[in-house]
$ cat data.cif   # mmCIF, C-alpha atoms
data_protein
#
loop_
_atom_site.label_atom_id
_atom_site.label_comp_id
_atom_site.auth_asym_id
_atom_site.auth_seq_id
_atom_site.Cartn_x
_atom_site.Cartn_y
_atom_site.Cartn_z
CA MET A 20 11.99 11.78 13.50
CA LYS A 21 13.77 11.14 10.23
CA LEU A 22 12.62 12.06 6.76
CA PHE A 23 13.18 10.30 3.48
CA GLN A 24 12.38 11.79 0.08
CA ASN A 25 12.62 10.43 -3.42
CA ILE A 26 11.55 11.48 -6.92
CA TYR A 27 11.43 9.36 -10.05
CA GLU A 28 9.74 9.36 -13.45
CA PHE A 29 7.98 6.58 -15.31
CA ASN A 30 7.62 6.58 -19.10
CA TYR A 31 3.96 5.64 -18.93
CA PRO A 32 0.77 7.69 -18.87
CA TRP A 33 -0.65 8.53 -15.48
CA GLU A 34 -3.90 6.62 -16.10
CA GLU A 35 -2.05 3.35 -16.67
CA VAL A 36 0.06 3.82 -13.57
CA THR A 37 -3.03 4.33 -11.40
CA ALA A 38 -4.79 1.25 -12.80
CA ALA A 39 -1.64 -0.80 -12.12
CA ASN A 40 -1.71 0.40 -8.53
CA TRP A 41 -4.77 -1.74 -7.68
CA LYS A 42 -3.20 -4.93 -9.05
CA LYS A 43 0.11 -5.12 -7.22
CA TYR A 44 -0.97 -7.62 -4.62
CA PRO A 45 -1.13 -10.46 -4.00
CA ASN A 46 1.55 -12.30 -5.93
CA GLU A 47 3.40 -15.58 -5.74
CA VAL A 48 6.85 -14.15 -5.07
CA SER A 49 6.21 -11.36 -2.63
CA THR A 50 4.86 -13.94 -0.24
CA HIS A 51 5.24 -11.81 2.87
CA VAL A 52 2.36 -9.64 1.64
CA ILE A 53 -0.41 -12.15 2.09
CA ALA A 54 -3.50 -10.00 1.63
CA THR A 55 -4.95 -6.62 0.72
CA ASP A 56 -8.44 -5.51 1.60
CA VAL A 57 -10.47 -2.43 0.83
CA LEU A 58 -12.07 -1.14 4.03
CA ARG A 59 -13.87 1.91 2.71
CA ARG A 60 -14.24 3.48 -0.70
CA GLU A 61 -16.09 6.62 -1.71
CA LEU A 62 -16.60 8.52 -4.92
CA ASP A 63 -17.36 12.22 -4.50
CA ALA A 64 -20.39 13.93 -6.06
CA SER A 65 -18.43 15.05 -9.14
CA GLY A 66 -17.47 11.46 -9.94
CA LYS A 67 -13.88 12.62 -10.40
CA ARG A 68 -12.41 11.85 -7.00
CA LEU A 69 -12.10 8.35 -5.57
CA ILE A 70 -10.97 7.79 -1.98
CA SER A 71 -10.02 4.30 -0.77
CA GLU A 72 -8.90 2.91 2.55
CA ARG A 73 -6.99 -0.37 2.40
CA LEU A 74 -5.56 -2.87 4.83
CA ILE A 75 -2.29 -4.53 3.80
CA THR A 76 -1.51 -7.77 5.61
CA VAL A 77 2.14 -8.75 5.98
CA LYS A 78 3.61 -11.97 7.32
CA GLN A 79 7.10 -11.38 8.56
CA SER A 80 9.92 -13.45 9.84
CA VAL A 81 10.68 -11.92 13.18
CA PRO A 82 12.51 -13.97 15.81
CA GLN A 83 10.35 -15.68 18.39
CA TRP A 84 12.00 -13.88 21.29
CA ILE A 85 11.02 -10.47 20.04
CA MET A 86 7.48 -11.67 19.47
CA MET A 87 7.34 -12.64 23.12
CA LEU A 88 8.91 -9.33 24.09
CA ILE A 89 6.26 -7.26 22.37
CA GLY A 90 3.49 -9.80 22.81
CA SER A 91 2.53 -10.14 19.18
CA THR A 92 2.26 -12.52 16.26
CA ASN A 93 4.23 -12.51 13.04
CA ILE A 94 1.29 -11.01 11.15
CA SER A 95 1.32 -7.25 10.85
CA TYR A 96 -0.92 -4.70 9.22
CA VAL A 97 -0.52 -1.46 7.31
CA ARG A 98 -3.34 1.01 6.68
CA GLU A 99 -3.33 3.02 3.46
CA VAL A 100 -5.62 5.86 2.37
CA SER A 101 -5.45 6.80 -1.30
CA VAL A 102 -7.04 9.54 -3.38
CA VAL A 103 -7.35 9.42 -7.15
CA ASP A 104 -8.24 12.87 -8.46
CA LEU A 105 -9.09 13.09 -12.17
CA GLU A 106 -9.22 16.90 -12.12
CA THR A 107 -5.72 17.44 -10.76
CA LYS A 108 -4.54 14.10 -12.15
CA THR A 109 -2.95 12.94 -8.96
CA LEU A 110 -2.86 9.62 -7.16
CA ASN A 111 -1.87 10.13 -3.56
CA LEU A 112 -1.24 7.24 -1.15
CA ARG A 113 -0.69 7.69 2.56
CA SER A 114 0.35 4.63 4.57
CA CYS A 115 1.12 3.88 8.17
CA ASN A 116 1.85 0.69 10.07
CA LEU A 117 -0.86 -0.48 12.48
CA THR A 118 1.27 -3.13 14.14
CA TYR A 119 4.14 -2.12 16.42
CA SER A 120 2.93 1.46 16.07
CA ASN A 121 3.66 2.06 19.75
CA LEU A 122 7.34 1.34 19.02
CA LEU A 123 7.79 2.71 15.56
CA LYS A 124 5.71 4.69 13.09
CA VAL A 125 6.37 4.96 9.40
CA PHE A 126 4.18 7.52 7.63
CA GLU A 127 4.66 7.18 3.91
CA ASN A 128 3.28 9.64 1.38
CA VAL A 129 3.46 8.77 -2.31
CA THR A 130 2.14 10.88 -5.19
CA TYR A 131 1.87 10.02 -8.85
CA SER A 132 1.14 12.85 -11.28
CA PRO A 133 1.63 13.53 -15.01
CA HIS A 134 5.18 14.72 -15.72
CA PRO A 135 5.18 18.52 -16.27
CA GLU A 136 7.47 18.15 -19.30
CA ASP A 137 5.53 15.35 -20.98
CA PRO A 138 2.14 14.94 -19.26
CA GLN A 139 0.70 12.62 -21.92
CA ASN A 140 3.41 9.99 -21.74
CA LYS A 141 5.27 10.29 -18.47
CA THR A 142 4.38 10.05 -14.79
CA LEU A 143 6.22 11.71 -11.94
CA PHE A 144 6.61 9.69 -8.74
CA LYS A 145 7.25 11.44 -5.44
CA GLN A 146 7.83 9.56 -2.22
CA GLU A 147 8.23 10.87 1.27
CA ALA A 148 8.49 8.91 4.50
CA GLN A 149 8.54 10.08 8.08
CA ILE A 150 10.07 7.54 10.38
CA THR A 151 9.65 7.92 14.12
CA ALA A 152 10.82 5.53 16.83
CA TYR A 153 9.44 5.85 20.36
CA ALA A 154 10.44 5.17 23.94
CA PRO A 155 11.03 2.92 25.91
CA PHE A 156 13.76 2.06 23.44
CA THR A 157 14.94 5.66 23.19
CA ARG A 158 18.55 4.63 23.20
CA VAL A 159 18.23 2.75 19.95
CA CYS A 160 15.82 5.17 18.32
CA ASN A 161 18.38 7.32 16.53
CA GLN A 162 20.22 4.33 15.21
CA LEU A 163 16.97 2.78 14.08
CA GLU A 164 15.80 5.94 12.36
CA ASP A 165 19.14 6.38 10.59
CA TRP A 166 19.07 2.82 9.39
CA SER A 167 15.47 3.18 8.17
CA VAL A 168 16.32 6.19 6.04
CA GLN A 169 19.35 4.41 4.63
CA ARG A 170 17.19 1.42 3.79
CA TYR A 171 14.82 3.64 1.82
CA HIS A 172 17.71 5.01 -0.22
CA GLU A 173 19.06 1.57 -0.98
CA ASN A 174 15.74 0.25 -2.18
CA ALA A 175 14.65 3.25 -4.18
CA GLU A 176 16.57 2.57 -7.40
CA LYS A 177 15.94 -1.13 -7.85
CA GLY A 178 12.35 -0.53 -6.79
CA LYS A 179 11.75 1.89 -9.62
CA ARG A 180 13.40 -0.40 -12.17
CA GLY A 181 11.06 -3.19 -11.13
CA PHE A 182 7.96 -1.05 -11.46
CA GLU A 183 9.09 -0.17 -15.00
CA THR A 184 8.72 -3.87 -15.78
CA VAL A 185 5.20 -3.89 -14.38
CA LEU A 186 4.22 -0.90 -16.44
CA LEU A 187 5.74 -2.30 -19.62
CA THR A 188 3.73 -5.48 -19.30
CA LEU A 189 0.52 -3.68 -18.38
CA ASN A 190 1.09 -1.25 -21.23
CA LYS A 191 0.93 -4.09 -23.77
CA GLY A 192 -2.47 -5.07 -22.47
CA TRP A 193 -3.85 -1.58 -22.08
CA GLY A 194 -7.22 -1.26 -23.78
CA GLN A 195 -7.73 -5.01 -23.84
CA SER A 196 -10.44 -6.78 -21.94
CA GLU A 197 -10.41 -6.89 -18.17
CA LYS A 198 -9.85 -10.64 -18.28
CA TYR A 199 -6.67 -10.14 -20.26
CA MET A 200 -5.53 -7.43 -17.88
CA ASP A 201 -6.03 -9.76 -14.94
CA ASP A 202 -3.88 -12.46 -16.53
CA ILE A 203 -1.13 -9.95 -17.18
CA GLY A 204 -1.44 -8.60 -13.69
CA ASN A 205 -0.88 -12.05 -12.30
CA THR A 206 2.19 -12.65 -14.45
CA ILE A 207 3.93 -9.39 -13.85
CA VAL A 208 3.59 -9.42 -10.10
CA GLU A 209 6.14 -12.23 -10.04
CA LYS A 210 8.76 -9.79 -11.24
CA VAL A 211 8.08 -6.93 -8.92
CA ASN A 212 8.50 -8.36 -5.46
CA GLU A 213 10.79 -5.69 -4.10
CA THR A 214 9.29 -2.92 -6.18
CA VAL A 215 5.83 -3.11 -4.75
CA ASP A 216 7.23 -3.45 -1.26
CA ASP A 217 9.11 -0.25 -1.76
CA LEU A 218 6.24 1.62 -3.35
CA LEU A 219 3.79 0.67 -0.66
CA GLY A 220 6.26 1.06 2.14
CA VAL A 221 5.24 -2.31 3.50
CA ASP A 222 8.65 -3.86 3.24
CA CYS A 223 9.99 -0.95 5.20
CA SER A 224 8.09 -1.81 8.34
CA SER A 225 8.90 -5.47 7.91
CA SER A 226 12.59 -4.82 7.45
CA ILE A 227 12.63 -2.32 10.23
CA MET A 228 11.47 -5.06 12.54
CA ASN A 229 14.25 -7.32 11.34
CA LYS A 230 16.77 -4.61 12.04
CA TYR A 231 15.00 -3.71 15.23
CA SER A 232 15.49 -7.18 16.61
CA THR A 233 19.24 -6.93 16.07
CA THR A 234 19.42 -3.45 17.52
CA ILE A 235 17.45 -4.34 20.59
CA ARG A 236 19.46 -7.48 21.09
CA LEU A 237 22.65 -5.39 21.05
CA ALA A 238 21.13 -2.93 23.48
CA PHE A 239 20.26 -5.74 25.85
CA GLN A 240 23.75 -7.19 25.64
CA LYS A 241 25.17 -3.85 26.78
CA GLU A 242 23.03 -3.88 29.91
CA MET B 30 0.48 -18.89 -15.05
CA GLY B 31 -2.67 -19.66 -13.17
CA ASN B 32 -5.17 -17.19 -11.86
CA ILE B 33 -4.27 -16.16 -8.32
CA MET B 34 -7.23 -15.39 -6.18
CA SER B 35 -6.82 -12.05 -4.57
CA ALA B 36 -6.63 -12.87 -0.87
CA SER B 37 -8.34 -11.21 2.06
CA PHE B 38 -6.83 -11.00 5.56
CA ALA B 39 -9.72 -13.28 6.53
CA PRO B 40 -9.82 -16.42 4.34
CA GLU B 41 -13.61 -16.52 4.75
CA CYS B 42 -13.84 -13.20 2.90
CA THR B 43 -11.53 -14.07 0.00
CA PRO B 44 -14.20 -15.25 -2.49
CA LEU B 45 -16.28 -12.15 -1.74
CA LYS B 46 -13.26 -9.90 -2.17
CA ASP B 47 -12.37 -11.59 -5.45
CA THR B 48 -15.84 -10.95 -6.84
CA TYR B 49 -15.73 -7.32 -5.74
CA ASP B 50 -12.20 -6.70 -7.11
CA LYS B 51 -13.13 -8.00 -10.54
CA CYS B 52 -16.08 -5.66 -10.67
CA PHE B 53 -14.08 -2.70 -9.33
CA ASN B 54 -11.09 -3.07 -11.66
CA GLN B 55 -13.37 -3.14 -14.67
CA TRP B 56 -15.30 -0.10 -13.43
CA TYR B 57 -12.08 1.78 -12.66
CA SER B 58 -10.47 1.28 -16.09
CA GLU B 59 -13.51 1.43 -18.29
CA LYS B 60 -15.66 4.02 -16.55
CA PHE B 61 -14.01 6.03 -13.79
CA LEU B 62 -10.74 6.85 -15.58
CA LYS B 63 -12.69 7.89 -18.66
CA GLY B 64 -14.88 10.19 -16.60
CA ARG B 65 -17.96 8.15 -17.46
CA SER B 66 -19.15 7.31 -13.99
CA MET B 67 -21.06 9.39 -11.49
CA GLU B 68 -21.40 6.59 -8.97
CA ASN B 69 -19.25 4.08 -7.20
CA GLU B 70 -20.56 0.89 -8.76
CA CYS B 71 -20.36 -2.72 -7.61
CA ALA B 72 -22.53 -1.88 -4.57
CA GLU B 73 -23.95 -5.37 -4.22
CA GLN B 74 -20.55 -7.09 -4.25
CA TRP B 75 -19.23 -4.41 -1.90
CA GLN B 76 -22.00 -4.93 0.65
CA THR B 77 -21.43 -8.65 1.12
CA TYR B 78 -17.64 -8.25 1.14
CA MET B 79 -17.85 -5.48 3.77
CA GLU B 80 -20.13 -7.46 6.09
CA CYS B 81 -17.51 -10.19 6.11
CA VAL B 82 -14.62 -7.75 6.61
CA GLU B 83 -16.28 -5.91 9.51
CA THR B 84 -16.96 -9.17 11.34
CA HIS B 85 -13.40 -10.43 11.01
CA LEU B 86 -11.73 -7.11 11.84
CA VAL B 87 -13.35 -7.51 15.24
CA LYS B 88 -12.78 -11.27 15.52
CA GLN B 89 -9.07 -10.98 14.73
CA GLY B 90 -8.55 -8.05 17.04
CA ILE B 91 -7.47 -5.61 14.33
CA LYS B 92 -10.25 -3.12 15.02
CA PRO B 93 -8.67 -1.25 17.99
CA ALA B 94 -5.42 -0.45 16.14
CA LEU B 95 -7.42 0.49 13.07
CA ASP B 96 -9.66 2.79 15.09
CA ASP B 97 -6.59 4.50 16.55
CA ALA B 98 -5.10 5.02 13.10
CA ARG B 99 -8.44 6.36 11.85
CA LYS B 100 -8.52 8.87 14.67
CA GLU B 101 -4.98 9.96 13.96
CA ALA B 102 -5.40 10.21 10.17
CA PRO B 103 -9.11 10.16 9.31
CA PHE B 104 -10.54 8.97 6.02
CA GLU B 105 -12.42 12.28 5.90
CA ASN B 106 -9.05 14.03 6.06
CA GLU B 107 -7.86 11.79 3.21
CA GLY B 108 -5.47 9.92 5.44
CA LYS B 109 -3.52 13.00 6.48
CA PRO B 110 -2.55 13.07 10.16
CA LEU B 111 -4.61 15.69 12.00
CA ASP B 112 -1.70 17.10 14.00
CA LYS B 113 0.53 17.77 11.02
#
$ encode --input "data.cif" --output "structure tokens"
Amino acid sequence: MKLFQNIYEFNYPWEEVTAANWKKYPNEVSTHVIATDVLRRELDASGKRLISERLITVKQSVPQWIMMLIGSTNISYVREVSVVDLETKTLNLRSCNLTYSNLLKVFENVTYSPHPEDPQNKTLFKQEAQITAYAPFTRVCNQLEDWSVQRYHENAEKGKRGFETVLLTLNKGWGQSEKYMDDIGNTIVEKVNETVDDLLGVDCSSSIMNKYSTTIRLAFQKE
Amino acid sequence: MGNIMSASFAPECTPLKDTYDKCFNQWYSEKFLKGRSMENECAEQWQTYMECVETHLVKQGIKPALDDARKEAPFENEGKPLDK
């Protein structure tokens, strides 16, 4: 098992960041994320704590041969459970891949909270991912895990810069009507393809499969 | 920039999801975040959307993997894996 951790800050209030979270998908550029669905959503008795379960649908370009190998289609799914807590002012998102989970599991844990040094204007972003590859491909597991962690590092910086763009655009529309917010949401998503992938951890599983195909192919060649 | 309909994993459910999302996003920004809501609104839109989702989770064979994930990291446990 490998672990990835990352911390970043956004110069936007926590409330705005959480509202933006529901409007990331779908978009016209990040075409591999083709759908998001809410599966369950509950508000606790205090009215201050909202729990949501979502299904993220990803269409990936994985070679045909590996599809046959694992007996699957090129559609894969990620499950996410999120908690918005108004008392502690935290948004916590926990995601895991549903597809290929017998081969590889990516548990991602993301938390947004007001920045301790400037809680009114800044939001702290913390990301942690546990990446575990399983047998029967034990031989390639370490390599795969190492690569996955590296991939997280590479994407982290540009991912955060992209989300800044989202927040800037949403910020201009904050307090406007919902209609206006929707229009903005649809415009900004064009710019945040890689950002949202990174934040949701969806691109990770997709890319892991791309890498996986190469790794497995190499392993087979050595046989 | 046209309005993109927010898609569901099952195309049949997309219009229902779109209606629910619109209601939810408004509720979230204007009521929940401001601490003005004691209930999860949009119940009517939710009900029809969920009936569609449940049907197609089964039809498309997603349900078994989802059930496994739910056992491993239950909603009641806020998505945290039970063995960690």
$ resolve_selection --input "data.cif" --expression "the PyMOL selection byres ((chain B and resi 45) around 9)" --output "number ranges by chain"
B: 37, 41-44, 46-50, 74-75, 77-79, 81
$ resolve_selection --input "data.cif" --expression "the PyMOL selection byres ((chain A and resi 135-141) around 8)" --output "mmCIF file with C-alpha atoms, in the frame of the given file"
data_model
loop_
_atom_site.group_PDB
_atom_site.id
_atom_site.type_symbol
_atom_site.label_atom_id
_atom_site.label_comp_id
_atom_site.auth_asym_id
_atom_site.auth_seq_id
_atom_site.Cartn_x
_atom_site.Cartn_y
_atom_site.Cartn_z
ATOM 1 C CA GLU A 28 9.740 9.360 -13.450
ATOM 2 C CA PHE A 29 7.980 6.580 -15.310
ATOM 3 C CA ASN A 30 7.620 6.580 -19.100
ATOM 4 C CA TYR A 31 3.960 5.640 -18.930
ATOM 5 C CA PRO A 32 0.770 7.690 -18.870
ATOM 6 C CA TRP A 33 -0.650 8.530 -15.480
ATOM 7 C CA PRO A 133 1.630 13.530 -15.010
ATOM 8 C CA HIS A 134 5.180 14.720 -15.720
ATOM 9 C CA THR A 142 4.380 10.050 -14.790
ATOM 10 C CA LEU A 143 6.220 11.710 -11.940
#
$ resolve_selection --input "data.cif" --expression "the PyMOL selection byres ((chain B and resi 66) around 10)" --output "ChimeraX atom specification"
/A:62,65-67 /B:56-57,59-65,67-70
$ atom_distance --input "data.cif" --atom1 "CA of Leu112 in chain A" --atom2 "CA of Glu35 in chain A"
16.0 Å
$ atom_distance --input "data.cif" --atom1 "CA of Phe104 in chain B" --atom2 "CA of Tyr131 in chain A"
19.4 Å
$ residues_around --input "data.cif" --residues "range 82-96 of chain B" --least-positions-apart "3" --cutoff "12 Å" --atoms "all atoms listed in the file" --output "count of residues only"
46
$ atom_distance --input "data.cif" --atom1 "CA of Arg68 in chain A" --atom2 "CA of Asp97 in chain B"
25.3 Å
$ residues_around --input "data.cif" --residues "Glu105 in chain B" --least-positions-apart "6" --cutoff "12 Å" --atoms "only C-alpha atoms" --output "PyMOL selection string"
(chain A and resi 59-61+63+70-72+100-102) or (chain B and resi 99+111)
$ closest_residue --input "data.cif" --among "A:Val77, A:Thr107, A:Lys42, A:Asn25" --to "Phe144 in chain A" --atoms "all atoms listed in the file"
A:Asn25
$ closest_residue --input "data.cif" --among "A:Ile150, A:Ile26, A:Ala54, A:Val129" --to "chain B" --atoms "all atoms listed in the file"
A:Ala54
